[in-house]
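Inspection log for the structure reproduced underneath, given as C-alpha cells.
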Amino acid sequence: MTRTVSILVAEDDEAAGYVINLNLSREGFTPTVVTHAADALRALEEKVPDLLLTDYRMPGMSGLELLEEVRRAYPNLPVVMMTGHGDERLAVESMRQGAFTYLAKPLDYDELVLVCRRAAEMHRLRRRLDQARNLQLGQGLIGDSVAMKRLRRLIAEVAPTDVTVLVRGETGTGKEVVAQAIHSASPRSAKPFVAINCSAIPDTLLESELFGHERGAFTGADRRRPGRFQAASGGTLFLDEIGDLPTALQPKLLRVLEDHAVTPLGSDSPVDVNVRMVAATNQPLEALVEDGRFRQDLFYRLNVVPLVIPPLRERVDDIPRLASSFAGRIASRHSKSLRDLDHALLDWLRVQPWDGNVRELENIIERLVIFSTDGVLRIPDEGMDSAILPPYHKEKVRVTDEFELQYLKTALRISRGRLAEVCKRTGLSSRQLYNLIKKHELNKEDYFA
C-alpha cells in the first residue's frame, strides 16, 4: 500500500483518533483526522479522499447523518462506519444506507487495515470504470468544469437504458456529439446511429425521409425507399432541431413513439421498428407549446430525460483543453506541424463572446492552424482577426445567401427550370421562390432542358 491512498477519519475522541492515525500511517496510508462531522464535510469540499472512516456517535451531526450527506454529494466514496459495543442495529442501518462496511469498537487494527485496503481498492476500481466510461462517451465531451462532469455523469446513467432523451443547448454546443456519446455507451452501439436535421429538409419531403415511402406514393417515387426509422433499426435515431418539426408530422411522430411502428407513405401496413430516440433543440419548446406550434403530448413524450449542454461562455476553463484537442486533430488532418499554443492566445480565447460556442472555437482553431507558419498558434493580428471572426450578423447573411444560391441552382437544374416543380420538391411557395430568384438574379430559362 502506498501513501497515495488518503483516508479521512472523523473521530471525536482525540486519543482514539491519534491511535487510528498512527496505525494507518504505519501501513502506508495518508490519514487526516477531524473531530466533527461538519469538519469532515469541509475537508471533503477541499479534497475527496479514497475512503471516509467515521465514528457513529459524534457531537452535533451523527455518523449516520454524515453518511447520508456523503452518499448524496459523493456517491462513489466508500464509507466505513465505526460503532460502539452493542450498536449492531445502528451498524446494520448504516450498511442499508450505503456504508461499505462497519467496524465494532474497540477496533481490531489488523481488521481496520484490511478493511481500508479493500475499500481503497474498490474506490480505485470505480475510478477506473468511470474513466473508461468517460472515454467511451466520446472525445467531443471535453472539459473538467462542473457542468461537463455532471453532463458526462448523466449520459453514463441514461445510456444503458432505452429512455427517450431530449438534448437542449445553444447552436454549436455539440448536441449531436452528446447524442453520439449516448449511442456509443449504450447496448445499441454496434447498431446504426442515424441523424436527421428536421430544419434542413423541406416539409414536403420530411415525412418520406422519416417514415419511408412505397413506389408510386408521390410524383418521382419510382422505387420503394425505407425511411430513417427503419435505417436506424436496432440503433439510435437522432432528430436534431425537433422544434422545427412541422405540426402536421407531430402526431405521426408521437404515434411512432407510442406504437414502435411506422407506416410508409403509400402503404396501409405498419412496419415495426426498434429504435432508441434522442432529440435535440436550441429552442424553448415550452414557449412553442404555449403558442400552439408544438404538441404538448409530444413534448412530454420527448422530454423524459432532459440533458442541458452549457454554452461555452459558462465553462471558459475548458477552452484550453478544447483548443489543444482541436488543434492536434486539425493539424493532423491538414498535415500541418504543430508545436504549441501560445499562452497569450489561450487568454485571448477565454474572453471571446462565443456566440457560436464550441463549433465557433473549432473553426477559429482550424483557421489558425492553416495560417500558422512555424507550428505555434498565436493571437491573430488585426487583419487576420477580422478574417477569423467576422461580425456575427454579417457572417450569417453571407452563409445564408451562399446556401440559398446553391440550393436554388440545384433545384432549378433538377426541375429543368419548371417553377411549379421546384415548389413541389422544395416546399417553397411560389411567392417565396419568385423573391429568391429575383434576389439572386437567376434566370429559369437557363435551366430549361
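How things are named: the first chain in the C-alpha cells is A, the next is B, and so on; residues count from 1 in each chain; ligands count from 1 in the order shown.
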Please identify all polymer residues within 8 Å of A:Ala232, counting only C-alpha atoms, omitting same-chain residues fewer than 4 positions from it, and present them as a list in words.
Lys191, Pro192, Phe193, Val194, Arg228, Thr236, Leu237 and Val275 of chain A
Mind writing the picked residues with N, CA and C atoms as an mmCIF file, in the first residue's frame?
data_model
loop_
_atom_site.group_PDB
_atom_site.id
_atom_site.type_symbol
_atom_site.label_atom_id
_atom_site.label_comp_id
_atom_site.auth_asym_id
_atom_site.auth_seq_id
_atom_site.Cartn_x
_atom_site.Cartn_y
_atom_site.Cartn_z
ATOM 1 N N LYS A 191 -25.083 -1.133 -33.460
ATOM 2 C CA LYS A 191 -26.111 -0.895 -34.478
ATOM 3 C C LYS A 191 -26.003 0.542 -34.992
ATOM 4 N N PRO A 192 -26.789 0.907 -36.018
ATOM 5 C CA PRO A 192 -26.605 2.226 -36.642
ATOM 6 C C PRO A 192 -26.959 3.405 -35.739
ATOM 7 N N PHE A 193 -26.226 4.490 -35.933
ATOM 8 C CA PHE A 193 -26.594 5.797 -35.397
ATOM 9 C C PHE A 193 -26.999 6.650 -36.592
ATOM 10 N N VAL A 194 -28.254 7.047 -36.662
ATOM 11 C CA VAL A 194 -28.783 7.773 -37.815
ATOM 12 C C VAL A 194 -29.247 9.151 -37.354
ATOM 13 N N ARG A 228 -35.753 6.824 -42.300
ATOM 14 C CA ARG A 228 -34.657 6.858 -41.320
ATOM 15 C C ARG A 228 -34.959 5.977 -40.107
ATOM 16 N N THR A 236 -29.901 3.899 -32.816
ATOM 17 C CA THR A 236 -30.375 5.178 -32.282
ATOM 18 C C THR A 236 -30.716 6.128 -33.420
ATOM 19 N N LEU A 237 -31.865 6.789 -33.310
ATOM 20 C CA LEU A 237 -32.253 7.824 -34.267
ATOM 21 C C LEU A 237 -32.157 9.171 -33.569
ATOM 22 N N VAL A 275 -36.104 1.288 -32.204
ATOM 23 C CA VAL A 275 -35.213 2.447 -32.278
ATOM 24 C C VAL A 275 -35.219 3.179 -30.946
#
Find the residues near stretch 326-342 of chain A: any atom within 7 Å, counting only C-alpha atoms, skip ones fewer than 2 places away on the same chain, and give them as number ranges by chain.
A: 322-324, 344-346, 362, 365-366, 369, 375-378
Compile the contact shell of stretch 212-215 of chain A as a list in words: residues with an atom at most 6 Å away, counting only C-alpha atoms, same-chain residues fewer than 6 positions apart removed.
Ala221, Asp222, Arg223, Arg224, Arg225, Pro226, Gly227, Pro264, Leu265 and Gly266 of chain A
Selected residue of minimal separation from A:Leu67 among A:Asp144, A:Glu14, A:Glu93, A:Glu111, counting only C-alpha atoms:
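For A:Leu67, the nearest of the candidates is A:Glu93.
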Report, in Å with one decimal, the straight-line distance from atom CA of A:Arg150 to atom CA of A:Ala279.
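Atom-to-atom, atom CA of A:Arg150 to atom CA of A:Ala279, that is 19.5 Å.
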Which parts of stretch 77-317 of chain A does DSSP call helix (DSSP H, G or I) when run on the backbone here, written out as number ranges by chain?
A: 88-96, 109-136, 146-158, 175-184, 203-211, 228-231, 242-244, 250-259, 285-290, 296-302, 312-314, 316-317
Go ahead and save the picked residues with C-alpha atoms, as a tab-separated table (two decimals), in the first residue's frame.
chain	number	residue	atom	x	y	z
A	88	GLU	CA	-25.16	-3.66	15.96
A	89	ARG	CA	-28.59	-2.34	14.96
A	90	LEU	CA	-27.08	1.01	14.04
A	91	ALA	CA	-24.32	-0.74	12.12
A	92	VAL	CA	-26.87	-2.63	10.05
A	93	GLU	CA	-28.74	0.61	9.38
A	94	SER	CA	-25.54	2.25	8.13
A	95	MET	CA	-25.00	-0.67	5.73
A	96	ARG	CA	-28.56	-0.29	4.49
A	109	TYR	CA	-6.31	-2.69	13.99
A	110	ASP	CA	-5.37	-5.64	11.78
A	111	GLU	CA	-9.01	-5.77	10.69
A	112	LEU	CA	-9.04	-1.98	10.26
A	113	VAL	CA	-6.07	-2.10	7.88
A	114	LEU	CA	-7.56	-4.98	5.90
A	115	VAL	CA	-10.93	-3.21	5.52
A	116	CYS	CA	-9.26	0.05	4.47
A	117	ARG	CA	-7.24	-1.76	1.83
A	118	ARG	CA	-10.34	-3.42	0.42
A	119	ALA	CA	-12.33	-0.17	0.42
A	120	ALA	CA	-9.49	1.77	-1.21
A	121	GLU	CA	-9.14	-0.90	-3.91
A	122	MET	CA	-12.87	-0.70	-4.60
A	123	HIS	CA	-12.61	3.07	-4.93
A	124	ARG	CA	-9.68	2.69	-7.33
A	125	LEU	CA	-11.65	0.24	-9.49
A	126	ARG	CA	-14.66	2.57	-9.53
A	127	ARG	CA	-12.49	5.46	-10.71
A	128	ARG	CA	-11.00	3.31	-13.47
A	129	LEU	CA	-14.51	2.30	-14.52
A	130	ASP	CA	-15.60	5.95	-14.58
A	131	GLN	CA	-12.53	6.89	-16.63
A	132	ALA	CA	-13.21	4.10	-19.11
A	133	ARG	CA	-16.85	5.10	-19.30
A	134	ASN	CA	-15.96	8.74	-19.87
A	135	LEU	CA	-13.54	7.71	-22.60
A	136	GLN	CA	-16.34	5.73	-24.20
A	146	VAL	CA	-18.56	21.08	-13.02
A	147	ALA	CA	-21.20	21.35	-15.76
A	148	MET	CA	-19.35	18.97	-18.11
A	149	LYS	CA	-18.65	16.45	-15.35
A	150	ARG	CA	-22.33	16.45	-14.49
A	151	LEU	CA	-23.28	16.07	-18.15
A	152	ARG	CA	-20.95	13.08	-18.59
A	153	ARG	CA	-22.33	11.51	-15.41
A	154	LEU	CA	-25.91	11.90	-16.64
A	155	ILE	CA	-25.01	10.42	-20.04
A	156	ALA	CA	-23.36	7.45	-18.34
A	157	GLU	CA	-26.55	6.91	-16.31
A	158	VAL	CA	-29.06	7.13	-19.17
A	175	LYS	CA	-25.82	18.37	-29.29
A	176	GLU	CA	-25.05	15.70	-31.89
A	177	VAL	CA	-21.83	14.85	-30.07
A	178	VAL	CA	-23.89	14.18	-26.94
A	179	ALA	CA	-26.33	12.04	-28.93
A	180	GLN	CA	-23.45	10.01	-30.38
A	181	ALA	CA	-21.97	9.61	-26.90
A	182	ILE	CA	-25.28	8.23	-25.61
A	183	HIS	CA	-25.36	5.78	-28.52
A	184	SER	CA	-21.71	4.74	-28.11
A	203	ASP	CA	-41.67	19.91	-45.11
A	204	THR	CA	-42.98	18.02	-48.14
A	205	LEU	CA	-40.06	15.59	-48.07
A	206	LEU	CA	-39.54	15.17	-44.33
A	207	GLU	CA	-42.32	12.63	-43.83
A	208	SER	CA	-40.86	10.41	-46.53
A	209	GLU	CA	-37.37	10.81	-45.04
A	210	LEU	CA	-38.58	9.74	-41.62
A	211	PHE	CA	-41.06	7.00	-42.40
A	228	ARG	CA	-34.66	6.86	-41.32
A	229	PHE	CA	-36.57	4.96	-38.63
A	230	GLN	CA	-36.02	1.70	-40.49
A	231	ALA	CA	-32.41	2.64	-41.28
A	242	ILE	CA	-37.01	18.93	-33.28
A	243	GLY	CA	-38.67	22.30	-32.64
A	244	ASP	CA	-38.85	22.80	-36.42
A	250	GLN	CA	-46.01	15.85	-34.90
A	251	PRO	CA	-48.95	13.48	-34.23
A	252	LYS	CA	-47.40	10.92	-36.59
A	253	LEU	CA	-44.11	11.02	-34.71
A	254	LEU	CA	-45.99	10.69	-31.42
A	255	ARG	CA	-47.75	7.60	-32.75
A	256	VAL	CA	-44.42	6.05	-33.77
A	257	LEU	CA	-43.00	6.66	-30.30
A	258	GLU	CA	-46.03	5.06	-28.69
A	259	ASP	CA	-46.56	2.12	-31.08
A	285	LEU	CA	-40.15	24.10	-26.58
A	286	GLU	CA	-42.34	25.17	-23.66
A	287	ALA	CA	-42.92	28.51	-25.41
A	288	LEU	CA	-43.70	26.70	-28.68
A	289	VAL	CA	-46.25	24.58	-26.81
A	290	GLU	CA	-47.90	27.70	-25.39
A	296	GLN	CA	-47.80	19.27	-25.56
A	297	ASP	CA	-48.17	15.46	-25.52
A	298	LEU	CA	-45.23	15.08	-27.91
A	299	PHE	CA	-43.14	17.43	-25.76
A	300	TYR	CA	-43.84	15.31	-22.68
A	301	ARG	CA	-43.03	12.15	-24.63
A	302	LEU	CA	-39.68	13.55	-25.78
A	312	LEU	CA	-19.00	27.74	-23.89
A	313	ARG	CA	-19.02	31.15	-22.19
A	314	GLU	CA	-20.16	29.39	-18.98
A	316	VAL	CA	-14.25	29.05	-20.14
A	317	ASP	CA	-11.86	26.94	-18.07
Pick out the residues sitting within 12 Å of A:Arg71, and hand them over as number ranges by chain; count only C-alpha atoms, and ignore anything fewer than 4 positions along from it in its own chain.
A: 41, 52, 64-67, 75-79, 94-100
Please produce an output containing C-alpha atoms for each residue in the selection, written as a compact mmCIF listing (two decimals), in the first residue's frame.
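In the end it all went to out-v3.txt:
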# COMPACT_ATOMS: atom_id res chain seq x y z
CA LEU A 41 -17.74 17.89 5.13
CA LEU A 52 -14.03 8.00 4.77
CA LEU A 64 -25.22 8.22 10.07
CA GLU A 65 -26.25 11.77 9.14
CA LEU A 66 -22.75 12.34 7.75
CA LEU A 67 -23.13 9.16 5.71
CA PRO A 75 -21.84 8.64 -4.25
CA ASN A 76 -18.66 6.72 -5.18
CA LEU A 77 -16.76 7.43 -1.96
CA PRO A 78 -16.64 4.30 0.27
CA VAL A 79 -17.60 4.96 3.89
CA SER A 94 -25.54 2.25 8.13
CA MET A 95 -25.00 -0.67 5.73
CA ARG A 96 -28.56 -0.29 4.49
CA GLN A 97 -27.89 3.38 3.77
CA GLY A 98 -24.81 2.63 1.72
CA ALA A 99 -21.81 2.21 4.04
CA PHE A 100 -19.07 -0.06 2.67
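As for atom CA of A:Gln406 and atom CA of A:Asp446, they are spaced 14.7 Å apart.
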